[in-house]
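Next comes coords32.tsv, a file with TSV, C-alpha atoms.
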```
chain	number	residue	atom	x	y	z
A	1	MET	CA	-52.80	-85.85	163.53
A	2	LYS	CA	-52.79	-89.33	162.07
A	3	GLU	CA	-52.95	-92.56	164.00
A	4	THR	CA	-49.79	-94.51	164.60
A	5	ASP	CA	-49.26	-97.18	161.99
A	6	LEU	CA	-46.90	-100.15	161.87
A	7	TRP	CA	-45.47	-99.22	158.47
A	8	THR	CA	-44.16	-95.92	159.81
A	9	LEU	CA	-42.75	-97.59	162.94
A	10	GLY	CA	-40.96	-100.14	160.74
A	11	VAL	CA	-39.47	-97.32	158.66
A	12	ILE	CA	-38.32	-95.59	161.87
A	13	LEU	CA	-36.66	-98.76	163.19
A	14	GLY	CA	-34.84	-99.17	159.88
A	15	LEU	CA	-33.64	-95.56	160.02
A	16	ALA	CA	-32.34	-96.15	163.55
A	17	ALA	CA	-30.34	-99.10	162.18
A	18	VAL	CA	-29.04	-96.81	159.41
A	19	THR	CA	-27.81	-94.37	162.09
A	20	VAL	CA	-25.92	-97.17	163.90
A	21	ILE	CA	-24.46	-98.61	160.69
A	22	THR	CA	-23.29	-95.31	159.18
A	23	ARG	CA	-21.85	-93.91	162.41
A	24	SER	CA	-19.98	-97.15	163.17
A	25	PHE	CA	-19.26	-98.17	159.57
A	26	PHE	CA	-15.49	-98.63	159.73
A	27	PHE	CA	-15.38	-100.13	163.20
A	28	ILE	CA	-18.17	-102.68	162.96
A	29	SER	CA	-15.72	-105.39	161.93
A	30	SER	CA	-13.16	-106.51	164.50
A	31	LYS	CA	-10.68	-107.62	161.83
A	32	PRO	CA	-7.35	-105.82	162.13
A	33	TRP	CA	-6.59	-103.34	159.36
A	34	SER	CA	-5.64	-99.74	159.27
A	35	LEU	CA	-6.08	-96.87	156.87
A	36	PRO	CA	-3.13	-95.97	154.65
A	37	HIS	CA	-1.04	-93.17	156.10
A	38	TRP	CA	-2.12	-90.57	153.53
A	39	ALA	CA	-5.78	-91.26	154.32
A	40	GLN	CA	-5.14	-90.85	158.06
A	41	ARG	CA	-3.50	-87.50	157.34
A	42	GLY	CA	-6.29	-86.43	155.02
A	43	LEU	CA	-8.99	-87.10	157.58
A	44	GLN	CA	-7.78	-84.25	159.76
A	45	TYR	CA	-9.25	-81.90	157.12
A	46	ALA	CA	-12.61	-83.70	157.11
A	47	PRO	CA	-14.32	-82.19	160.19
A	48	ILE	CA	-14.05	-78.56	159.10
A	49	ALA	CA	-14.92	-79.54	155.53
A	50	ALA	CA	-18.07	-81.32	156.69
A	51	LEU	CA	-19.17	-78.34	158.80
A	52	SER	CA	-18.53	-75.90	155.98
A	53	ALA	CA	-20.36	-78.12	153.48
A	54	VAL	CA	-23.42	-78.09	155.74
A	55	ILE	CA	-23.27	-74.40	156.70
A	56	VAL	CA	-22.46	-72.60	153.44
A	57	PRO	CA	-25.46	-73.79	151.36
A	58	GLU	CA	-27.72	-72.96	154.32
A	59	ILE	CA	-26.59	-69.33	154.32
A	60	VAL	CA	-26.11	-68.47	150.65
A	61	MET	CA	-28.89	-70.51	149.02
A	62	THR	CA	-32.67	-70.38	149.00
A	63	GLN	CA	-34.59	-73.30	147.49
A	64	GLY	CA	-31.59	-74.49	145.52
A	65	HIS	CA	-30.50	-71.10	144.15
A	66	LEU	CA	-27.83	-68.65	145.24
A	67	VAL	CA	-29.31	-65.63	147.01
A	68	GLN	CA	-29.55	-62.71	144.62
A	69	THR	CA	-29.78	-59.96	147.22
A	70	TRP	CA	-27.57	-58.80	150.05
A	71	GLN	CA	-30.71	-58.10	152.08
A	72	ASP	CA	-30.67	-61.53	153.64
A	73	ALA	CA	-30.70	-61.83	157.43
A	74	ARG	CA	-28.58	-65.00	157.34
A	75	LEU	CA	-25.55	-63.33	155.76
A	76	PHE	CA	-25.43	-60.62	158.43
A	77	ALA	CA	-26.11	-63.07	161.24
A	78	VAL	CA	-23.22	-65.29	160.17
A	79	ALA	CA	-20.88	-62.30	159.75
A	80	ALA	CA	-21.81	-61.03	163.22
A	81	GLY	CA	-21.49	-64.50	164.80
A	82	ALA	CA	-18.08	-65.14	163.23
A	83	ALA	CA	-16.88	-61.64	164.17
A	84	TRP	CA	-17.88	-62.31	167.77
A	85	TYR	CA	-16.08	-65.64	167.74
A	86	PHE	CA	-12.77	-64.24	166.54
A	87	TRP	CA	-13.05	-61.21	168.85
A	88	ARG	CA	-13.73	-63.37	171.93
A	89	LYS	CA	-11.72	-66.38	170.77
A	90	LYS	CA	-9.98	-66.91	174.09
A	91	SER	CA	-13.03	-66.64	176.30
A	92	SER	CA	-15.27	-69.53	177.28
A	93	TRP	CA	-18.19	-67.52	175.84
A	94	ALA	CA	-16.82	-67.66	172.31
A	95	MET	CA	-19.16	-70.36	170.98
A	96	LEU	CA	-22.26	-69.51	172.97
A	97	GLY	CA	-21.77	-65.86	172.01
A	98	THR	CA	-21.62	-66.82	168.33
A	99	ILE	CA	-25.10	-68.30	168.64
A	100	VAL	CA	-26.54	-65.47	170.76
A	101	VAL	CA	-25.10	-62.58	168.72
A	102	GLY	CA	-25.90	-64.32	165.43
A	103	MET	CA	-29.52	-65.00	166.48
A	104	ALA	CA	-29.97	-61.43	167.78
A	105	VAL	CA	-28.92	-60.06	164.38
A	106	TYR	CA	-30.92	-62.72	162.54
A	107	LEU	CA	-34.18	-62.17	164.42
A	108	ALA	CA	-33.84	-58.37	164.30
A	109	LEU	CA	-33.39	-58.35	160.52
A	110	HIS	CA	-35.70	-61.28	159.75
A	111	LEU	CA	-38.64	-60.30	161.96
A	112	GLY	CA	-37.94	-56.56	162.16
A	113	LEU	CA	-37.17	-55.79	158.52
A	114	GLY	CA	-38.57	-58.92	156.89
A	115	TRP	CA	-35.20	-59.84	155.26
B	1	MET	CA	-12.60	-102.52	179.98
B	2	SER	CA	-13.41	-99.74	182.36
B	3	SER	CA	-16.79	-99.69	183.98
B	4	LEU	CA	-19.41	-97.16	183.06
B	5	ARG	CA	-19.20	-95.66	186.54
B	6	GLN	CA	-15.49	-94.97	186.19
B	7	ILE	CA	-16.12	-93.19	182.91
B	8	VAL	CA	-18.91	-91.02	184.27
B	9	ARG	CA	-16.82	-90.02	187.29
B	10	HIS	CA	-13.74	-89.22	185.22
B	11	PRO	CA	-12.84	-85.48	185.19
B	12	GLU	CA	-12.72	-85.62	181.38
B	13	PHE	CA	-16.40	-86.63	181.33
B	14	GLN	CA	-17.21	-83.35	183.09
B	15	ARG	CA	-14.93	-81.52	180.71
B	16	GLY	CA	-16.69	-83.07	177.71
B	17	MET	CA	-20.07	-82.05	179.09
B	18	ARG	CA	-18.86	-78.52	179.75
B	19	ASP	CA	-17.34	-78.07	176.28
B	20	MET	CA	-20.51	-79.34	174.66
B	21	SER	CA	-22.77	-77.10	176.74
B	22	SER	CA	-21.39	-74.03	174.97
B	23	VAL	CA	-23.00	-75.14	171.70
B	24	ALA	CA	-25.99	-76.97	173.21
B	25	PRO	CA	-28.43	-74.02	172.94
B	26	GLY	CA	-27.96	-73.89	169.18
B	27	LEU	CA	-28.34	-77.65	168.85
B	28	ALA	CA	-31.42	-77.48	171.05
B	29	ALA	CA	-33.09	-74.88	168.82
B	30	TRP	CA	-32.37	-77.11	165.85
B	31	GLY	CA	-33.69	-80.20	167.67
B	32	MET	CA	-36.85	-78.33	168.58
B	33	MET	CA	-37.52	-77.39	164.95
B	34	THR	CA	-36.94	-81.03	163.94
B	35	GLY	CA	-39.56	-82.03	166.51
B	36	VAL	CA	-41.96	-79.46	165.08
B	37	ALA	CA	-41.28	-80.67	161.53
B	38	MET	CA	-42.15	-84.29	162.39
B	39	VAL	CA	-45.53	-83.41	163.87
B	40	LYS	CA	-46.38	-80.88	161.16
B	41	SER	CA	-45.69	-83.52	158.48
B	42	GLY	CA	-48.60	-85.51	159.91
B	43	MET	CA	-46.74	-88.08	161.99
B	44	SER	CA	-48.53	-89.19	165.16
B	45	LEU	CA	-47.27	-88.19	168.60
B	46	PHE	CA	-46.00	-91.71	169.25
B	47	GLU	CA	-44.28	-91.95	165.86
B	48	SER	CA	-42.60	-88.58	166.37
B	49	ILE	CA	-41.34	-89.52	169.83
B	50	ALA	CA	-40.11	-92.90	168.60
B	51	MET	CA	-38.33	-91.24	165.69
B	52	THR	CA	-36.43	-88.70	167.77
B	53	LEU	CA	-35.48	-91.22	170.48
B	54	LEU	CA	-34.45	-94.00	168.10
B	55	VAL	CA	-33.14	-92.39	164.92
B	56	TYR	CA	-31.26	-89.55	166.67
B	57	ALA	CA	-29.91	-88.03	163.46
B	58	GLY	CA	-31.39	-84.64	162.60
B	59	SER	CA	-30.40	-84.49	158.95
B	60	SER	CA	-31.59	-87.98	158.08
B	61	GLN	CA	-34.84	-87.36	159.98
B	62	LEU	CA	-35.45	-84.14	158.06
B	63	ALA	CA	-34.75	-85.94	154.78
B	64	ALA	CA	-37.04	-88.87	155.66
B	65	ILE	CA	-39.99	-86.86	157.00
B	66	PRO	CA	-41.43	-85.74	153.62
B	67	LEU	CA	-40.82	-89.23	152.16
B	68	ILE	CA	-42.73	-90.88	155.01
B	69	ALA	CA	-45.54	-88.37	154.60
B	70	ALA	CA	-45.68	-89.19	150.88
B	71	GLY	CA	-45.64	-92.95	151.54
B	72	ALA	CA	-42.46	-93.52	149.50
B	73	PRO	CA	-41.11	-97.09	149.19
B	74	VAL	CA	-39.35	-98.21	152.38
B	75	LEU	CA	-36.06	-98.96	150.62
B	76	VAL	CA	-35.99	-95.48	149.09
B	77	ILE	CA	-36.42	-93.91	152.54
B	78	TRP	CA	-33.67	-96.04	154.08
B	79	ALA	CA	-31.33	-95.41	151.15
B	80	THR	CA	-31.97	-91.67	151.49
B	81	GLY	CA	-31.13	-91.85	155.20
B	82	PHE	CA	-27.97	-93.77	154.39
B	83	CYS	CA	-26.80	-91.27	151.79
B	84	VAL	CA	-27.55	-88.27	153.99
B	85	ASN	CA	-25.52	-90.02	156.71
B	86	LEU	CA	-22.56	-90.84	154.46
B	87	ARG	CA	-20.44	-88.19	156.19
B	88	PHE	CA	-20.63	-90.35	159.32
B	89	VAL	CA	-18.98	-93.17	157.36
B	90	VAL	CA	-16.03	-90.83	156.79
B	91	PHE	CA	-16.01	-89.90	160.48
B	92	SER	CA	-16.06	-93.59	161.47
B	93	ALA	CA	-12.83	-94.17	159.52
B	94	HIS	CA	-11.28	-91.38	161.58
B	95	MET	CA	-12.69	-92.72	164.86
B	96	ARG	CA	-11.68	-96.34	164.28
B	97	PRO	CA	-8.21	-96.21	165.93
B	98	TYR	CA	-9.75	-94.36	168.89
B	99	LEU	CA	-12.43	-96.97	169.56
B	100	MET	CA	-11.04	-100.34	168.47
B	101	HIS	CA	-9.96	-101.15	172.03
B	102	LEU	CA	-13.63	-101.54	173.00
B	103	PRO	CA	-15.69	-104.72	172.56
B	104	ARG	CA	-17.92	-104.53	169.49
B	105	ARG	CA	-21.22	-103.84	171.25
B	106	TRP	CA	-19.69	-100.86	173.05
B	107	ARG	CA	-18.15	-99.63	169.81
B	108	LEU	CA	-21.57	-99.73	168.16
B	109	LEU	CA	-23.11	-97.86	171.08
B	110	ALA	CA	-20.33	-95.27	171.03
B	111	GLY	CA	-20.75	-94.88	167.26
B	112	TYR	CA	-24.53	-94.56	167.56
B	113	VAL	CA	-24.38	-91.65	170.01
B	114	THR	CA	-21.50	-89.82	168.28
B	115	ALA	CA	-23.30	-87.18	166.23
B	116	ASP	CA	-21.54	-84.50	164.14
B	117	ILE	CA	-20.63	-82.13	166.93
B	118	SER	CA	-19.54	-84.88	169.32
B	119	TYR	CA	-17.13	-86.16	166.66
B	120	VAL	CA	-15.80	-82.71	165.84
B	121	MET	CA	-15.28	-81.67	169.46
B	122	PHE	CA	-13.62	-84.98	170.27
B	123	THR	CA	-11.12	-84.97	167.39
B	124	LYS	CA	-10.41	-81.30	168.10
B	125	ARG	CA	-9.25	-82.17	171.64
B	126	TYR	CA	-7.51	-85.46	170.84
B	127	HIS	CA	-5.34	-85.35	167.73
B	128	GLN	CA	-3.83	-88.80	168.33
B	129	PRO	CA	-5.52	-92.11	169.20
B	130	PRO	CA	-4.85	-93.41	172.72
B	131	GLN	CA	-1.67	-95.44	173.36
B	132	THR	CA	-2.03	-96.48	176.99
B	133	ALA	CA	-4.90	-97.84	179.07
B	134	GLU	CA	-5.09	-94.55	180.93
B	135	GLU	CA	-5.35	-92.54	177.70
B	136	ARG	CA	-8.09	-94.86	176.45
B	137	GLN	CA	-10.10	-94.22	179.58
B	138	THR	CA	-9.50	-90.45	179.45
B	139	GLN	CA	-10.45	-90.10	175.80
B	140	LEU	CA	-13.52	-92.30	176.11
B	141	ALA	CA	-14.67	-90.27	179.13
B	142	TYR	CA	-14.35	-87.01	177.17
B	143	LEU	CA	-16.22	-88.44	174.17
B	144	MET	CA	-19.04	-89.80	176.34
B	145	GLY	CA	-19.33	-86.57	178.34
B	146	GLY	CA	-19.81	-84.62	175.12
B	147	CYS	CA	-22.27	-87.19	173.79
B	148	ALA	CA	-24.26	-87.08	177.03
B	149	THR	CA	-24.83	-83.33	176.78
B	150	ASN	CA	-25.43	-83.48	173.04
B	151	TRP	CA	-27.96	-86.32	173.39
B	152	SER	CA	-29.89	-84.88	176.31
B	153	SER	CA	-30.14	-81.33	174.98
B	154	TRP	CA	-31.17	-82.56	171.53
B	155	GLN	CA	-33.76	-85.02	172.87
B	156	ALA	CA	-35.24	-82.63	175.45
B	157	ALA	CA	-35.58	-79.90	172.81
B	158	SER	CA	-36.95	-82.30	170.22
B	159	LEU	CA	-39.61	-83.59	172.61
B	160	LEU	CA	-40.49	-79.99	173.51
B	161	GLY	CA	-40.88	-79.26	169.80
B	162	ILE	CA	-43.14	-82.30	169.38
B	163	PHE	CA	-45.44	-81.21	172.20
B	164	LEU	CA	-45.44	-77.52	171.27
B	165	ALA	CA	-45.55	-78.14	167.51
B	166	HIS	CA	-48.62	-76.03	166.94
B	167	SER	CA	-47.53	-73.07	169.06
B	168	VAL	CA	-43.98	-72.56	167.76
B	169	PRO	CA	-44.11	-69.99	164.96
B	170	ALA	CA	-42.17	-71.58	162.09
B	171	HIS	CA	-41.59	-68.26	160.29
B	172	TRP	CA	-39.28	-67.07	163.08
B	173	GLY	CA	-36.62	-69.39	161.76
B	174	LEU	CA	-35.34	-70.51	165.16
B	175	GLY	CA	-33.69	-73.50	163.51
B	176	PHE	CA	-31.06	-71.10	162.20
B	177	ALA	CA	-29.49	-71.26	165.67
B	178	GLY	CA	-28.32	-74.77	164.73
B	179	ILE	CA	-26.35	-73.36	161.80
B	180	LEU	CA	-24.83	-70.76	164.12
B	181	ALA	CA	-23.81	-73.51	166.56
B	182	LEU	CA	-22.03	-75.30	163.70
B	183	LEU	CA	-20.47	-71.98	162.70
B	184	GLY	CA	-18.98	-71.51	166.16
B	185	VAL	CA	-17.48	-74.98	166.10
B	186	GLY	CA	-16.23	-74.42	162.55
B	187	CYS	CA	-14.49	-71.18	163.59
B	188	SER	CA	-12.79	-73.00	166.46
B	189	LEU	CA	-11.38	-75.54	163.99
B	190	ALA	CA	-9.93	-72.90	161.68
B	191	SER	CA	-6.50	-73.21	163.31
B	192	SER	CA	-4.27	-73.58	160.25
B	193	ARG	CA	-4.19	-72.18	156.73
B	194	LEU	CA	-4.86	-75.60	155.20
B	195	ARG	CA	-7.93	-76.06	157.35
B	196	ILE	CA	-9.22	-72.68	156.19
B	197	VAL	CA	-8.60	-73.82	152.61
B	198	SER	CA	-10.49	-77.02	153.41
B	199	ALA	CA	-13.48	-75.01	154.68
B	200	GLY	CA	-13.43	-72.73	151.63
B	201	VAL	CA	-13.23	-75.55	149.11
B	202	ALA	CA	-15.89	-77.63	150.86
B	203	GLY	CA	-18.27	-74.68	151.11
B	204	ALA	CA	-17.89	-73.79	147.44
B	205	ALA	CA	-18.15	-77.43	146.32
B	206	ALA	CA	-21.26	-78.00	148.44
B	207	VAL	CA	-22.96	-75.06	146.73
B	208	ALA	CA	-21.75	-76.08	143.25
B	209	ALA	CA	-22.93	-79.68	143.72
B	210	PHE	CA	-26.14	-78.70	145.50
B	211	ALA	CA	-28.36	-80.19	142.80
B	212	MET	CA	-27.17	-83.73	143.61
B	213	PRO	CA	-29.79	-85.98	145.21
B	214	PHE	CA	-29.69	-87.27	148.82
B	215	LYS	CA	-27.43	-84.42	150.00
B	216	LEU	CA	-24.53	-86.16	148.29
B	217	ASN	CA	-23.11	-82.67	147.71
B	218	ILE	CA	-21.81	-82.80	151.30
B	219	VAL	CA	-19.84	-85.99	150.70
B	220	VAL	CA	-18.50	-84.66	147.38
B	221	ALA	CA	-17.47	-81.45	149.16
B	222	ILE	CA	-15.59	-83.33	151.91
B	223	ALA	CA	-13.81	-85.50	149.33
B	224	ALA	CA	-12.81	-82.48	147.23
B	225	ALA	CA	-11.53	-80.53	150.23
B	226	VAL	CA	-9.54	-83.44	151.70
B	227	ALA	CA	-8.01	-84.33	148.31
B	228	LEU	CA	-6.98	-80.74	147.60
B	229	CYS	CA	-5.47	-80.28	151.06
B	230	LEU	CA	-3.45	-83.49	150.67
B	231	LEU	CA	-2.07	-82.15	147.38
B	232	LEU	CA	-1.36	-78.69	148.83
B	233	GLU	CA	0.51	-80.21	151.79
B	234	LYS	CA	3.25	-81.16	149.36
B	235	THR	CA	3.67	-77.64	147.95
B	236	PRO	CA	6.25	-75.20	149.37
B	237	PRO	CA	3.88	-72.60	150.89
B	238	PHE	CA	2.18	-75.22	153.05
B	239	ARG	CA	4.89	-77.81	153.63
B	240	ARG	CA	6.09	-76.46	156.96
B	241	GLU	CA	2.57	-76.13	158.30
B	242	ALA	CA	1.65	-79.71	157.39
B	243	THR	CA	4.59	-81.29	159.20
B	244	ARG	CA	3.79	-79.55	162.46
```
Could you take the file, read its structure, and then write that structure out as structure tokens?
Amino acid sequence: MKETDLWTLGVILGLAAVTVITRSFFFISSKPWSLPHWAQRGLQYAPIAALSAVIVPEIVMTQGHLVQTWQDARLFAVAAGAAWYFWRKKSSWAMLGTIVVGMAVYLALHLGLGW
Amino acid sequence: MSSLRQIVRHPEFQRGMRDMSSVAPGLAAWGMMTGVAMVKSGMSLFESIAMTLLVYAGSSQLAAIPLIAAGAPVLVIWATGFCVNLRFVVFSAHMRPYLMHLPRRWRLLAGYVTADISYVMFTKRYHQPPQTAEERQTQLAYLMGGCATNWSSWQAASLLGIFLAHSVPAHWGLGFAGILALLGVGCSLASSRLRIVSAGVAGAAAVAAFAMPFKLNIVVAIAAAVALCLLLEKTPPFRREATR
């Protein structure tokens, strides 16, 4: 392990500022303005789009390429997790179950079968 | 402005904490692997702790770690962090009408702690910005309750990962639990046909544009999905759904 250096700490402080600026971007200024109506409407589709854009490449790609085999633990884990969610949709265990069931399938296939 | 104590004691604060706790284990596994990644990249214990406590943004940390290890120019590292975080800029446009009633320093603090899942859970529960003082208080309490659980589970797990970095077997792929946590939240958002279209388009676009630098594929995917859904809203099969 390296020693702590000031350059790295400076980089970290800058990245913390980047977190504040990006997460607050459109409400940093106190000037009154509002988004056009169509943009307001459109933003309701943004959360699920953002989640899907993060999730899908993580399950169907390996090092920048689409997976070429169906023997991939991630595909089965996601299918099992989603199946659990929609089966137990109404229960308060829906989301936690998605993680637990998905990980059980993932670890069994990944560690057990080496997929 | 309501006091911090009033917010913490509000029933919606508890509710926010409870809703968030159902995805916290997945976020924690992800936070732990981020902690491991920092130490394994050669950062010192102090640097790793400072990074998790201050930066508090998993994706930008993961993008910056190899650049820091390689000694890349500072501006390149910051620009990378900014681009990876661009989705938060989109979220901030959405959050603006919900938070503008706060003084600026509180808005910045609220923005800082509102990570992906906190934003998603919040906008899922509150479709409209607050109109009355009471609604402002209620919504802020829910947001902060969710952020409190999100922050503490992420930080605790990340610190655990930093201290256990050399005994957590990386090949297990525990970080995949983070993806499953996002999957659960994504499924809970799939409440209309247009939202399912949005997820499908964004997923496909993110894969198609994967080669773009700085994870810009995610921003491109959000833009494509939102634009297409706005167009589809106007077409007969979806018109009734959109006006609901």
| said: What's around Ala50 (chain A) at 8 Å? Count all atoms listed in the file, leave out sequence neighbours fewer than 5 positions away in its own chain, and write the answer as a list in words. | reply: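 The residues satisfying every condition are Arg87, Ala202, Ile218, Val219, Ala221 and Ile222 of chain B.
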| message | Taking all atoms listed in the file into account and nothing else, which residues of chain A lie no more than 7 Å away from chain B? Please answer as a VMD selection string. | response | chain A and resid 1 to 4 9 11 to 12 14 to 16 18 to 20 22 to 28 42 to 43 45 to 57 64 78 85 95 to 96 98 to 99 102 to 103 111
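Between CA of Gln63 (chain A) and CA of Leu113 (chain A) there is a distance of 20.9 Å.
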| said: Please report the interatomic distance between CA of Pro32 (chain A) and CA of Gln137 (chain B) in Å with one decimal. | reply: 21.1 Å
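Across the structure, CA of Pro66 (chain B) and CA of Phe163 (chain B) are spaced 19.5 Å apart.
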| request: Might you pull out every residue within 6 Å of region 140-146 of chain B, with only C-alpha atoms counted and same-chain residues fewer than 6 positions away left off, and present them as a PyMOL selection string? | output: chain B and resi 7+12-13+16-17+20+118+122
Given the selection you just returned, output its residues as a file containing C-alpha atoms, formatted as a CSV table (one decimal), in the coordinates of the input.
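Just written: selection_19.csv:
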```csv
chain,number,residue,atom,x,y,z
B,7,ILE,CA,-16.1,-93.2,182.9
B,12,GLU,CA,-12.7,-85.6,181.4
B,13,PHE,CA,-16.4,-86.6,181.3
B,16,GLY,CA,-16.7,-83.1,177.7
B,17,MET,CA,-20.1,-82.0,179.1
B,20,MET,CA,-20.5,-79.3,174.7
B,118,SER,CA,-19.5,-84.9,169.3
B,122,PHE,CA,-13.6,-85.0,170.3
```
| request: Would you mind telling me which residue in B:Gly161, B:Pro11, B:Pro237, B:Pro213 lies nearest to Met38 (chain B) when using only C-alpha atoms? | output: B:Gly161
